[in-house]
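To start, the structure under review is shown below, and the notes come after it.
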Amino acid sequence: MSQSKTDHNKQKEKLYKKVRNTSTWGSAVVYLLLLVLFAVAVIILAIYVMEYIFESKFKQGCLELERTVQLYEKGSDDKSIMDFIESGDSEFFVQDSSGKTVYQKGKNTCSSNGGKFSIANGTETYTVYADTELDIVYPKNKDGMGFRLNKFLEWYDFDLDTAKFPVWVSVDINGGSQKLIGKAYFVITPLEKVLVLELFLCVVIVVVVIGLITFIKIIKSAVNYRRVVRLFYSDEVTGGHNWTWFVRYGDDRLQSSRTKKDSFAAVNLVFRNYRNYCLCHSIQEGELMLARINKVLSAELEKGELCAHATMSNFALLLKCSDEQSLAARLNGFIKKLHEMDSEHNFDFQIGADIVKVQTNESGKIVRRKNCSIKNAYNNACAARATLGETEESGVCIFDSKLLEEQRWRDTVSEHQWTALNNEEFVVYYQPKYDPRTNALKGAEALVRWDSKELGFVTPGRMIPIFEKNGFITEIDHYMISHVARDQKAWLDAGYECVPVSVNVSRAHFIESDLAEQIRDTVDAEHCPHELIEIELTESAFFDDKKAMIETIKRLKSYGFAVSMDDFGAGYSSLNSLKDMPLDVLKLDADFFRGENAGERGEIVVSEAIKLAKSLDMLTVAEGIEEKEQVDFLAQQGCDMIQGYYFAKPMPKAEYTEKMSRDKNGDKNKTNREE
Ligand code: C2E
Ligand code: MG
Ligand code: MG
């Protein structure tokens, strides 16, 4: 179940990352790619068009030069031809194989910067040189020619006149013994100029338009992304943040190197009255109250602190924290603020917190809390909060290692309880009760011990509260009744003089309406007489359903079981219970005889309690008696039985059996103390 939940959360996080990446950066990248592709396509097209113009113009220029070459080749020795050449506009010079100029017409502005240029798919190759005066066209190092951009732009500065660009072209003549280097012109007409300009503008417009679209798309995606994030991280009930947000940013705060020097506290706050409030009003009203709580808590946050609605009536917070005292004070302040939120109702809020301190390495340097998890810290906070109990009272509890130990112990006990029951690891100890006047054995109380293979010898104080919480106590109670009944029957059969043994029945057991019948059946199954079993109810049991309790007591009594009120006087007064419950025995709590309670006033209370019990026709048992003076006092007051270390501690069955056998073998009613 928890595994599938983790998987679900992982999937959710993956989905979120996907949305995050695709919504903004994903589309931005796509648009940028499109922009680049489109721009490249337009530029390539422009280059092709330019090249086409360039090549055809160059060819035209070369054709004119060809004519000069033909004339020069034909008439270098013919004066009339040379005169014709001289009268023309052509500019060229002829070099012999050693590079010496043998003829020159016009100004030689040919630069030494030359290269090969091929046209018509490489079928015609020329050696070309730039013009030193107007080098708009230049030969590239390898093949081809190009425009100098700055010159090209300059060219656009002037009117839409026909533009002529010079380039020097070298042609081999006279069978390669000489070469003629002549000035050829690119002639670009106004129409072609407009065409080039339009091409250029086209490229610019396309790039700008795609750029704009990309920009708009990115903005839109960013807005959408924020919406998705808000949806993903917002809490439907409170309108604030949800648990996923808390985990995401909580981990970030705890693990980041920016915050490594800060101590934090993960906090679990529970609105105790949520269910009841929903019952009395409505779910909607309840949710509105949660939203108000969220608002109050959020208003209390400092920069960098977090608050989220975790589940139902639980809120998760991550607070900065300097020390335990100031944290506790601040959390109590939260409770105060929450109380002020609604003066009509008396709400309760319980808070648990776990402090996450700074982490240091071996040399004492503060390091990043790399492996620190907000979920762990929050879980500890919840565990601390859970120790405040089910009572509807406000309070604050801060997690410590002792609490962790307790929690581990609780889990271990719960884990082993059933195996222990099946393996009969629970052992019945008997603590005898004596008559303080005669020192005669009058009864005993059965007390459970757990002789565990894994956990060692476990006393009730370490397990009974856990069993009461997890419900296993009902199993223990039946187990004890069954074992005590079995022992009593065995002692009876062996000829011992048996005294009633009281068995504790937890208040958790009283939820079962047929408890009296269950006890009767369990005792009957062991064929034990009912008068040998007494049922002890702890005082706290009397706070539950009183009517049902009286009914159960009456039925138990009708089956012949004695019923006693355990720990009378401990905690709250149970005088009222005494009034309503038809009980047989009153067990005075050990607290009457300890510390501040002892002394003159204590003696008055005990003496009056015994009198009260007598008036109600009840027997009295004093618990936890350790001193002789106490025994004497109780004997004087007419207390019927004493159960305490003065006479005997709880003991294993064999030891108790020994006491009974002595009782039977003439040395009747003698206690250890007297020996
Ligand atoms: P309880 O029913 O009030 O039992 C009396 C407790 O007081 C026993 O502790 C006993 O050992 C102790 N005690 C008796 N005389 C003296 C004395 O002179 N000095 C001191 N310091 N202590 C004395 P234990 O056995 O540890 O049991 C503690 C509690 O655990 C019991 O209180 C009872 O509430 C619960 N418990 C024990 N066994 C069972 C059981 O089988 N079922 C249920 N439901 N609860 C049990
Ligand atoms: Mg008891
Ligand atoms: Mg008791």
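Identifiers in the structure tokens: chain A, B, ... in order shown; residue index from 1 per chain; ligand index from 1 in order shown.
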Any chance you could tabulate, as JSON lines, the residues of chain A at most 7 Å from ligand 2 with each one's nearest atom pair and distance in Å to one decimal, using only C-alpha atoms and all ligand atoms, in chain and rising number order?
```
{"residue": "A:Glu445", "atom": "CA", "partner": "ligand 2", "partner_atom_place_in_ligand_line": "1 (Mg)", "distance": 6.7}
{"residue": "A:Val503", "atom": "CA", "partner": "ligand 2", "partner_atom_place_in_ligand_line": "1 (Mg)", "distance": 7.0}
{"residue": "A:Asn504", "atom": "CA", "partner": "ligand 2", "partner_atom_place_in_ligand_line": "1 (Mg)", "distance": 5.2}
{"residue": "A:Glu536", "atom": "CA", "partner": "ligand 2", "partner_atom_place_in_ligand_line": "1 (Mg)", "distance": 5.8}
{"residue": "A:Thr538", "atom": "CA", "partner": "ligand 2", "partner_atom_place_in_ligand_line": "1 (Mg)", "distance": 6.9}
{"residue": "A:Asp566", "atom": "CA", "partner": "ligand 2", "partner_atom_place_in_ligand_line": "1 (Mg)", "distance": 5.4}
```
Show me which residues are within 10 Å of ligand 3 counting only C-alpha atoms and all ligand atoms, and format the list as a VMD selection string. chain A and resid 445 504 536 to 539 565 to 568 570 587 to 591 621 to 624 643
Just the selected residues (N, CA, C and O atoms), exported as an mmCIF file, in the first residue's frame, please.
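Everything below was put into selection_30.cif:
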```
data_model
loop_
_atom_site.group_PDB
_atom_site.id
_atom_site.type_symbol
_atom_site.label_atom_id
_atom_site.label_comp_id
_atom_site.auth_asym_id
_atom_site.auth_seq_id
_atom_site.Cartn_x
_atom_site.Cartn_y
_atom_site.Cartn_z
ATOM 1 N N GLU A 445 -3.592 -11.121 43.454
ATOM 2 C CA GLU A 445 -3.888 -10.451 42.177
ATOM 3 C C GLU A 445 -2.994 -11.074 41.114
ATOM 4 O O GLU A 445 -1.799 -11.298 41.344
ATOM 5 N N ASN A 504 -7.049 -8.277 36.255
ATOM 6 C CA ASN A 504 -7.313 -6.924 35.724
ATOM 7 C C ASN A 504 -8.034 -7.011 34.380
ATOM 8 O O ASN A 504 -7.647 -7.787 33.515
ATOM 9 N N GLU A 536 -11.040 -6.978 38.322
ATOM 10 C CA GLU A 536 -10.610 -5.627 38.743
ATOM 11 C C GLU A 536 -10.802 -4.635 37.601
ATOM 12 O O GLU A 536 -10.305 -4.841 36.496
ATOM 13 N N LEU A 537 -11.521 -3.578 37.903
ATOM 14 C CA LEU A 537 -11.694 -2.529 36.894
ATOM 15 C C LEU A 537 -10.903 -1.316 37.331
ATOM 16 O O LEU A 537 -11.040 -0.881 38.470
ATOM 17 N N THR A 538 -10.088 -0.806 36.433
ATOM 18 C CA THR A 538 -9.308 0.378 36.837
ATOM 19 C C THR A 538 -10.227 1.594 36.869
ATOM 20 O O THR A 538 -11.241 1.646 36.171
ATOM 21 N N GLU A 539 -9.812 2.579 37.662
ATOM 22 C CA GLU A 539 -10.651 3.752 37.848
ATOM 23 C C GLU A 539 -10.970 4.435 36.521
ATOM 24 O O GLU A 539 -12.079 4.888 36.294
ATOM 25 N N MET A 565 -13.006 -2.252 42.346
ATOM 26 C CA MET A 565 -12.554 -1.014 41.706
ATOM 27 C C MET A 565 -11.075 -0.846 42.043
ATOM 28 O O MET A 565 -10.694 -0.666 43.194
ATOM 29 N N ASP A 566 -10.267 -0.931 40.999
ATOM 30 C CA ASP A 566 -8.812 -0.856 41.165
ATOM 31 C C ASP A 566 -8.384 0.610 41.275
ATOM 32 O O ASP A 566 -9.063 1.504 40.767
ATOM 33 N N ASP A 567 -7.276 0.834 41.933
ATOM 34 C CA ASP A 567 -6.626 2.149 41.979
ATOM 35 C C ASP A 567 -7.581 3.264 42.401
ATOM 36 O O ASP A 567 -7.534 4.362 41.832
ATOM 37 N N PHE A 568 -8.437 2.988 43.375
ATOM 38 C CA PHE A 568 -9.367 4.023 43.827
ATOM 39 C C PHE A 568 -8.571 5.190 44.405
ATOM 40 O O PHE A 568 -7.692 5.013 45.236
ATOM 41 N N ALA A 570 -6.757 7.224 42.568
ATOM 42 C CA ALA A 570 -5.691 7.657 41.653
ATOM 43 C C ALA A 570 -6.321 8.541 40.593
ATOM 44 O O ALA A 570 -7.370 8.222 40.060
ATOM 45 N N LYS A 587 -10.185 -1.066 45.996
ATOM 46 C CA LYS A 587 -8.729 -1.166 46.153
ATOM 47 C C LYS A 587 -8.155 0.239 46.250
ATOM 48 O O LYS A 587 -8.223 1.010 45.289
ATOM 49 N N LEU A 588 -7.634 0.565 47.409
ATOM 50 C CA LEU A 588 -7.067 1.907 47.628
ATOM 51 C C LEU A 588 -5.722 1.992 46.918
ATOM 52 O O LEU A 588 -4.854 1.141 47.108
ATOM 53 N N ASP A 589 -5.590 3.032 46.135
ATOM 54 C CA ASP A 589 -4.377 3.160 45.318
ATOM 55 C C ASP A 589 -3.134 3.368 46.181
ATOM 56 O O ASP A 589 -3.197 4.000 47.240
ATOM 57 N N ALA A 590 -2.005 2.868 45.658
ATOM 58 C CA ALA A 590 -0.729 2.965 46.386
ATOM 59 C C ALA A 590 -0.341 4.413 46.661
ATOM 60 O O ALA A 590 0.358 4.700 47.635
ATOM 61 N N ASP A 591 -0.830 5.317 45.853
ATOM 62 C CA ASP A 591 -0.495 6.740 45.992
ATOM 63 C C ASP A 591 -0.921 7.316 47.348
ATOM 64 O O ASP A 591 -0.323 8.276 47.819
ATOM 65 N N VAL A 621 -9.062 -3.208 50.021
ATOM 66 C CA VAL A 621 -7.704 -3.735 49.828
ATOM 67 C C VAL A 621 -6.795 -2.516 49.698
ATOM 68 O O VAL A 621 -7.072 -1.625 48.902
ATOM 69 N N ALA A 622 -5.714 -2.492 50.483
ATOM 70 C CA ALA A 622 -4.751 -1.387 50.356
ATOM 71 C C ALA A 622 -3.578 -1.887 49.518
ATOM 72 O O ALA A 622 -2.997 -2.927 49.815
ATOM 73 N N GLU A 623 -3.290 -1.101 48.454
ATOM 74 C CA GLU A 623 -2.219 -1.527 47.530
ATOM 75 C C GLU A 623 -0.920 -0.801 47.820
ATOM 76 O O GLU A 623 -0.947 0.328 48.332
ATOM 77 N N GLY A 624 0.182 -1.422 47.480
ATOM 78 C CA GLY A 624 1.496 -0.762 47.549
ATOM 79 C C GLY A 624 1.981 -0.508 48.963
ATOM 80 O O GLY A 624 2.654 0.487 49.228
ATOM 81 N N GLN A 643 -2.117 -5.597 50.025
ATOM 82 C CA GLN A 643 -1.347 -6.138 48.902
ATOM 83 C C GLN A 643 -0.141 -5.220 48.742
ATOM 84 O O GLN A 643 -0.284 -4.055 48.384
#
```
Within 8 Å of ligand 1 (counting only C-alpha atoms and all ligand atoms), which residues show up? I'd like them as a PyMOL selection string. chain A and resi 428-429+431+445-449+459-461+464+468+473-474+476-477+480+503-507+536+538+566-567+589-590+623-626+643-646+648-650
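Compared by their closest atoms to Ala328 (chain A), and using only C-alpha atoms, the residues A:Leu441, A:Val367, A:Val267, A:Val206 rank with A:Val267 nearest.
Note that CA of Asp521 (chain A) and CA of Val484 (chain A) are 13.6 Å apart.
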